[in-house]
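Below is input_1.cif, which holds mmCIF, C-alpha atoms.
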data_upload
#
loop_
_atom_site.label_atom_id
_atom_site.label_comp_id
_atom_site.auth_asym_id
_atom_site.auth_seq_id
_atom_site.Cartn_x
_atom_site.Cartn_y
_atom_site.Cartn_z
CA MET A 840 279.39 162.12 156.89
CA LEU A 841 280.55 163.16 153.43
CA ARG A 842 279.22 159.93 151.95
CA ARG A 843 275.82 160.52 153.55
CA LEU A 844 275.69 164.11 152.29
CA ALA A 845 276.78 163.00 148.83
CA LEU A 846 273.83 160.60 148.69
CA ALA A 847 271.51 163.30 150.00
CA THR A 848 272.80 165.68 147.33
CA ALA A 849 272.23 163.14 144.58
CA ILE A 850 268.71 162.51 145.82
CA ALA A 851 268.14 166.23 146.19
CA PHE A 852 268.92 166.86 142.56
CA GLY A 853 267.13 163.70 141.54
CA THR A 854 263.92 164.67 143.27
CA VAL A 855 263.43 167.59 140.90
CA ILE A 856 263.72 165.22 137.95
CA ALA A 857 260.47 164.26 136.29
CA VAL A 858 259.59 160.68 135.36
CA PRO A 859 262.29 159.14 133.11
CA ALA A 860 261.55 157.59 129.74
CA PHE A 861 261.17 154.08 131.20
CA ALA A 862 258.10 155.11 133.18
CA GLN A 863 256.57 157.67 130.87
CA ALA A 864 254.23 155.20 129.26
CA ASP A 865 252.60 154.44 132.61
CA ALA A 866 252.45 158.01 133.86
CA ALA A 867 249.23 159.96 133.70
CA ALA A 868 250.17 162.80 135.99
CA PRO A 869 249.47 166.34 134.81
CA ALA A 870 252.31 168.47 133.51
CA ALA A 871 254.40 170.35 136.06
CA ALA A 872 253.09 173.63 134.69
CA GLN A 873 249.62 172.60 135.89
CA GLN A 874 250.76 171.68 139.40
CA ALA A 875 251.74 173.64 142.47
CA PRO A 876 255.42 173.21 143.42
CA VAL A 877 254.71 170.91 146.37
CA ALA A 878 252.66 168.63 144.11
CA VAL A 879 255.45 168.65 141.54
CA VAL A 880 258.01 167.48 144.11
CA GLN A 881 255.72 164.78 145.54
CA THR A 882 254.81 163.42 142.12
CA ILE A 883 258.41 163.41 140.98
CA ALA A 884 259.63 161.68 144.15
CA ASP A 885 257.16 158.84 143.54
CA GLN A 886 257.86 158.61 139.82
CA LEU A 887 261.61 158.61 140.26
CA ALA A 888 261.37 155.47 142.36
CA THR A 889 259.20 153.82 139.72
CA ALA A 890 261.72 154.76 137.03
CA ILE A 891 264.78 153.47 138.90
CA GLU A 892 263.28 150.24 140.21
CA GLY A 893 263.84 147.42 137.75
CA HIS A 894 266.37 149.37 135.70
CA ARG A 895 269.12 149.95 138.28
CA ASP A 896 271.55 147.34 136.89
CA GLU A 897 270.98 148.48 133.33
CA LEU A 898 271.62 152.13 134.16
CA LYS A 899 274.59 151.31 136.39
CA LYS A 900 276.36 149.73 133.41
CA ASN A 901 275.57 152.59 131.04
CA GLN A 902 276.03 156.03 132.58
CA GLU A 903 275.48 157.75 129.25
CA LYS A 904 272.03 156.21 129.07
CA LEU A 905 271.37 157.42 132.61
CA ILE A 906 272.52 160.90 131.62
CA SER A 907 270.32 160.87 128.53
CA VAL A 908 267.32 159.92 130.67
CA ILE A 909 268.09 162.81 133.01
CA ASP A 910 268.48 165.19 130.08
CA GLU A 911 265.07 164.27 128.72
CA VAL A 912 263.25 165.05 131.93
CA PHE A 913 265.40 167.31 134.09
CA LEU A 914 265.58 170.50 132.05
CA PRO A 915 261.79 171.09 131.86
CA HIS A 916 261.62 171.22 135.67
CA PHE A 917 264.78 173.13 136.57
CA ASP A 918 265.47 176.71 135.55
CA ILE A 919 269.10 176.14 134.65
CA ASP A 920 269.48 179.53 132.93
CA TYR A 921 268.30 181.44 135.99
CA ALA A 922 270.29 179.22 138.36
CA SER A 923 273.41 179.77 136.25
CA ILE A 924 273.02 183.54 136.44
CA LEU A 925 272.75 183.28 140.22
CA VAL A 926 275.82 181.06 140.35
CA LEU A 927 277.80 183.50 138.19
CA GLY A 928 276.77 186.31 140.54
CA GLN A 929 278.41 189.61 139.67
CA HIS A 930 280.23 187.95 136.78
CA ALA A 931 276.91 187.43 134.99
CA ARG A 932 276.84 191.14 134.18
CA GLU A 933 280.35 190.96 132.76
CA ALA A 934 279.71 187.85 130.65
CA THR A 935 278.40 187.98 127.11
CA PRO A 936 275.14 186.19 126.25
CA ALA A 937 277.20 183.49 124.50
CA GLN A 938 279.36 183.00 127.60
CA ARG A 939 276.29 182.76 129.85
CA GLU A 940 274.75 180.19 127.54
CA ARG A 941 277.95 178.10 127.39
CA PHE A 942 278.36 178.30 131.15
CA ALA A 943 274.75 177.22 131.78
CA ARG A 944 275.11 174.14 129.58
CA ALA A 945 278.59 173.22 130.86
CA PHE A 946 277.57 173.71 134.49
CA TYR A 947 274.42 171.64 134.05
CA ASN A 948 276.37 168.82 132.38
CA SER A 949 279.01 168.79 135.11
CA ILE A 950 276.35 168.68 137.84
CA THR A 951 274.43 165.79 136.24
CA HIS A 952 277.60 163.76 135.66
CA ARG A 953 278.73 164.33 139.24
CA TYR A 954 275.49 163.17 140.86
CA ALA A 955 273.93 160.82 138.29
CA GLU A 956 275.20 157.56 139.78
CA GLY A 957 274.03 158.61 143.23
CA LEU A 958 270.47 158.47 141.94
CA LEU A 959 270.79 154.73 141.49
CA ASN A 960 270.68 154.44 145.30
CA TYR A 961 267.29 156.12 145.37
CA THR A 962 264.42 153.94 146.58
CA ARG A 963 260.75 154.57 147.15
CA GLY A 964 259.93 156.36 150.37
CA ARG A 965 263.29 158.11 150.82
CA VAL A 966 261.76 161.54 150.30
CA LYS A 967 259.02 162.91 152.55
CA VAL A 968 257.43 166.11 151.32
CA LEU A 969 256.44 168.21 154.32
CA PRO A 970 253.04 169.95 154.47
CA PHE A 971 253.13 173.40 152.91
CA LYS A 972 252.89 176.27 155.38
CA GLY A 973 252.29 179.90 154.57
CA ASP A 974 251.01 181.63 151.47
CA LEU A 975 251.97 180.58 147.98
CA ASN A 976 253.80 183.59 146.62
CA ASP A 977 252.78 184.63 143.13
CA LYS A 978 256.34 184.23 141.85
CA ARG A 979 258.47 182.29 144.35
CA THR A 980 258.04 179.63 146.98
CA VAL A 981 259.96 176.93 148.84
CA VAL A 982 259.06 173.24 149.10
CA ARG A 983 260.47 171.54 152.20
CA THR A 984 261.33 167.85 152.34
CA GLN A 985 263.20 165.33 154.46
CA VAL A 986 265.38 162.61 152.96
CA VAL A 987 265.93 159.31 154.79
CA LEU A 988 269.55 158.17 154.50
CA ASP A 989 270.88 154.61 154.66
CA ASP A 990 271.47 154.87 158.41
CA GLY A 991 267.94 156.10 159.04
CA LYS A 992 268.94 159.69 159.76
CA LEU A 993 266.98 162.55 158.23
CA VAL A 994 268.41 165.35 156.12
CA SER A 995 266.40 168.51 155.51
CA ILE A 996 266.28 169.50 151.85
CA ASP A 997 264.41 172.52 150.53
CA TYR A 998 263.67 173.38 146.91
CA ALA A 999 263.32 176.99 145.79
CA PHE A 1000 260.84 177.46 142.95
CA ARG A 1001 260.02 180.44 140.76
CA LYS A 1002 257.14 180.93 138.37
CA GLY A 1003 258.11 181.74 134.79
CA ARG A 1004 256.34 184.05 132.39
CA SER A 1005 254.46 181.10 130.95
CA GLY A 1006 253.08 180.29 134.39
CA ASP A 1007 255.05 177.09 134.98
CA TRP A 1008 256.94 176.51 138.23
CA LYS A 1009 260.61 175.52 138.00
CA ALA A 1010 263.17 174.80 140.70
CA TYR A 1011 266.30 176.93 140.69
CA ASP A 1012 268.00 176.16 144.01
CA VAL A 1013 268.42 173.23 146.38
CA ILE A 1014 269.16 173.91 150.06
CA ILE A 1015 270.64 170.95 151.95
CA GLU A 1016 270.76 171.33 155.72
CA GLY A 1017 270.66 175.10 155.29
CA ILE A 1018 273.41 175.17 152.64
CA SER A 1019 272.31 176.59 149.28
CA TYR A 1020 273.76 174.88 146.23
CA VAL A 1021 273.60 178.21 144.37
CA THR A 1022 275.49 180.07 147.10
CA ASN A 1023 278.01 177.27 147.54
CA TYR A 1024 278.88 177.09 143.85
CA ARG A 1025 278.75 180.87 143.45
CA ASN A 1026 281.62 181.21 145.91
CA GLN A 1027 283.60 178.52 144.12
CA VAL A 1028 282.89 179.95 140.67
CA ASP A 1029 283.79 183.46 141.80
CA ALA A 1030 287.16 182.27 143.11
CA GLU A 1031 287.84 180.30 139.93
CA ILE A 1032 286.94 183.17 137.60
CA ARG A 1033 289.21 185.50 139.52
CA LYS A 1034 291.99 182.95 139.14
CA VAL A 1035 291.67 181.79 135.52
CA GLY A 1036 288.94 183.94 133.92
CA ILE A 1037 285.46 183.02 132.78
CA ASP A 1038 286.47 181.56 129.41
CA GLN A 1039 288.95 179.16 130.98
CA LEU A 1040 286.42 178.19 133.64
CA ILE A 1041 283.87 177.34 130.97
CA THR A 1042 286.47 175.38 129.02
CA ASN A 1043 287.39 173.45 132.17
CA LEU A 1044 283.73 172.60 132.78
CA GLU A 1045 283.24 171.56 129.16
CA THR A 1046 286.34 169.35 129.02
CA GLN A 1047 286.65 168.11 132.60
CA GLY A 1048 283.02 168.10 133.69
CA SER A 1049 282.56 166.85 137.24
CA LYS A 1050 286.33 166.85 137.83
CA ALA A 1051 286.34 170.62 137.36
CA LEU A 1052 283.71 170.94 140.10
CA GLU A 1053 285.75 168.73 142.41
CA THR A 1054 288.87 170.80 141.77
CA MET A 1055 287.03 174.03 142.51
CA ALA A 1056 285.60 172.57 145.72
CA LYS A 1057 289.04 171.38 146.86
CA ASP A 1058 290.73 174.68 146.05
CA ASN A 1059 287.98 176.56 147.88
CA LYS A 1060 288.28 174.28 150.91
CA ASP A 1061 292.09 174.61 151.03
CA LYS A 1062 291.94 178.40 151.22
CA PRO A 1063 293.01 179.77 154.62
#

The structure given in the file should be rewritten as structure tokens.
Amino acid sequence: MLRRLALATAIAFGTVIAVPAFAQADAAAPAAAQQAPVAVVQTIADQLATAIEGHRDELKKNQEKLISVIDEVFLPHFDIDYASILVLGQHAREATPAQRERFARAFYNSITHRYAEGLLNYTRGRVKVLPFKGDLNDKRTVVRTQVVLDDGKLVSIDYAFRKGRSGDWKAYDVIIEGISYVTNYRNQVDAEIRKVGIDQLITNLETQGSKALETMAKDNKDKP
């Protein structure tokens, strides 16, 4: 079960990644800022498969190259600053601008390193973008998808989008089977800050990366 959810999580974060450098030369899709959120997710799902296919062995041997590809295309489509503020929760008000900036970068890096290799299992057709229902809110909306796992089972994954001042839509939360990544990590981050303080948490994320996330998750799970 955990393995299946880990793959779903990797695909979930991967689906909001735009086309990597390998496929950029062949892509003629309009910029995300010109597309509605559902179109962004559908386009990205297709382009991710194109980017991974044919380069899987190369990227598997060089994680740093995989990370650099993600860096080039992920940030423009994910509002990491806003997501980080949500993850910090009440601690965002206590943090200085410099601390919030360091946390956002460290948290983003730890997330990408934790799930990057999972993206190599992504193949075309794994993600089905469901028809949009309801009105497109002027500022926020949710795109609903289903991910097909290796055993054929479906996992529901929703993407929360918000429109920025410039008019572009960016994802800021991923909800897997009803569990919000923002809420999940907010609880873990809150517990860790109360234990070691925000500066130490940031340092742990900067120096330990994905291992710091795993430690927080384990500590949170072990609580009575």

Residues of range 924-1014 of chain A that have any atom at most 12 Å from an atom of range 1042-1053 of chain A: could you tabulate them with the shortest-distance atom pair and the distance in Å to one decimal, using only C-alpha atoms, ordered by chain and increasing number, as JSON lines?
{"residue": "A:Gln938", "atom": "CA", "partner": "A:Thr1042", "partner_atom": "CA", "distance": 10.5}
{"residue": "A:Arg941", "atom": "CA", "partner": "A:Glu1045", "partner_atom": "CA", "distance": 8.6}
{"residue": "A:Phe942", "atom": "CA", "partner": "A:Leu1044", "partner_atom": "CA", "distance": 8.0}
{"residue": "A:Ala943", "atom": "CA", "partner": "A:Leu1044", "partner_atom": "CA", "distance": 10.1}
{"residue": "A:Arg944", "atom": "CA", "partner": "A:Glu1045", "partner_atom": "CA", "distance": 8.5}
{"residue": "A:Ala945", "atom": "CA", "partner": "A:Glu1045", "partner_atom": "CA", "distance": 5.2}
{"residue": "A:Phe946", "atom": "CA", "partner": "A:Leu1044", "partner_atom": "CA", "distance": 6.5}
{"residue": "A:Tyr947", "atom": "CA", "partner": "A:Gly1048", "partner_atom": "CA", "distance": 9.3}
{"residue": "A:Asn948", "atom": "CA", "partner": "A:Gly1048", "partner_atom": "CA", "distance": 6.8}
{"residue": "A:Ser949", "atom": "CA", "partner": "A:Gly1048", "partner_atom": "CA", "distance": 4.3}
{"residue": "A:Ile950", "atom": "CA", "partner": "A:Ser1049", "partner_atom": "CA", "distance": 6.5}
{"residue": "A:Thr951", "atom": "CA", "partner": "A:Ser1049", "partner_atom": "CA", "distance": 8.3}
{"residue": "A:His952", "atom": "CA", "partner": "A:Ser1049", "partner_atom": "CA", "distance": 6.1}
{"residue": "A:Arg953", "atom": "CA", "partner": "A:Ser1049", "partner_atom": "CA", "distance": 5.0}
{"residue": "A:Tyr954", "atom": "CA", "partner": "A:Ser1049", "partner_atom": "CA", "distance": 8.8}
{"residue": "A:Ala955", "atom": "CA", "partner": "A:Ser1049", "partner_atom": "CA", "distance": 10.6}

Output file for the residues above (C-alpha atoms, as a PDB file, in the coordinates of the input):
ATOM      1  CA  GLN A 938     279.360 183.000 127.600  1.00  0.00           C
ATOM      2  CA  ARG A 941     277.950 178.100 127.390  1.00  0.00           C
ATOM      3  CA  PHE A 942     278.360 178.300 131.150  1.00  0.00           C
ATOM      4  CA  ALA A 943     274.750 177.220 131.780  1.00  0.00           C
ATOM      5  CA  ARG A 944     275.110 174.140 129.580  1.00  0.00           C
ATOM      6  CA  ALA A 945     278.590 173.220 130.860  1.00  0.00           C
ATOM      7  CA  PHE A 946     277.570 173.710 134.490  1.00  0.00           C
ATOM      8  CA  TYR A 947     274.420 171.640 134.050  1.00  0.00           C
ATOM      9  CA  ASN A 948     276.370 168.820 132.380  1.00  0.00           C
ATOM     10  CA  SER A 949     279.010 168.790 135.110  1.00  0.00           C
ATOM     11  CA  ILE A 950     276.350 168.680 137.840  1.00  0.00           C
ATOM     12  CA  THR A 951     274.430 165.790 136.240  1.00  0.00           C
ATOM     13  CA  HIS A 952     277.600 163.760 135.660  1.00  0.00           C
ATOM     14  CA  ARG A 953     278.730 164.330 139.240  1.00  0.00           C
ATOM     15  CA  TYR A 954     275.490 163.170 140.860  1.00  0.00           C
ATOM     16  CA  ALA A 955     273.930 160.820 138.290  1.00  0.00           C
TER      17      ALA A 955
END

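Interatomic distance, CA of Leu959 in chain A to CA of Lys899 in chain A: 7.2 Å.
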
Original post:
Taking the file as shown, what set of residues would the PyMOL selection byres ((chain A and resi 898) around 12) give back, as number ranges by chain?
Top reply: A: 859, 861, 890-897, 899-909, 955-960

Can you check which parts of range 901-1000 of chain A lie within 10 Å of range 1011-1020 of chain A? Per residue, the shortest pair of atoms and distance in Å to one decimal, counting all atoms listed in the file, sorted by chain and number, as a tab-separated table.
residue	atom	partner	partner_atom	distance
A:His916	CA	A:Tyr1011	CA	8.9
A:Phe917	CA	A:Tyr1011	CA	5.8
A:Asp918	CA	A:Tyr1011	CA	5.2
A:Ile919	CA	A:Tyr1011	CA	6.7
A:Asp920	CA	A:Tyr1011	CA	8.8
A:Tyr921	CA	A:Tyr1011	CA	6.8
A:Ala922	CA	A:Tyr1011	CA	5.2
A:Ser923	CA	A:Tyr1011	CA	8.9
A:Leu925	CA	A:Tyr1011	CA	9.1
A:Val926	CA	A:Tyr1020	CA	8.8
A:Val981	CA	A:Asp1012	CA	9.4
A:Val982	CA	A:Val1013	CA	9.7
A:Arg983	CA	A:Ile1014	CA	9.3
A:Thr984	CA	A:Ile1015	CA	9.8
A:Gln985	CA	A:Ile1015	CA	9.7
A:Val986	CA	A:Ile1015	CA	9.9
A:Leu993	CA	A:Glu1016	CA	9.9
A:Val994	CA	A:Glu1016	CA	6.4
A:Ser995	CA	A:Glu1016	CA	5.2
A:Ile996	CA	A:Ile1015	CA	4.6
A:Asp997	CA	A:Ile1014	CA	5.0
A:Tyr998	CA	A:Val1013	CA	4.8
A:Ala999	CA	A:Asp1012	CA	5.1
A:Phe1000	CA	A:Tyr1011	CA	5.9

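CA of Leu927 in chain A lies 8.6 Å from CA of Tyr1024 in chain A.
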
Original post:
From the set A:Asp1058, A:Arg939, A:Thr1022, A:Gly991, which residue has the shortest atom-to-atom contact distance to Lys1034 in chain A, counting all atoms listed in the file?
Top reply: A:Asp1058
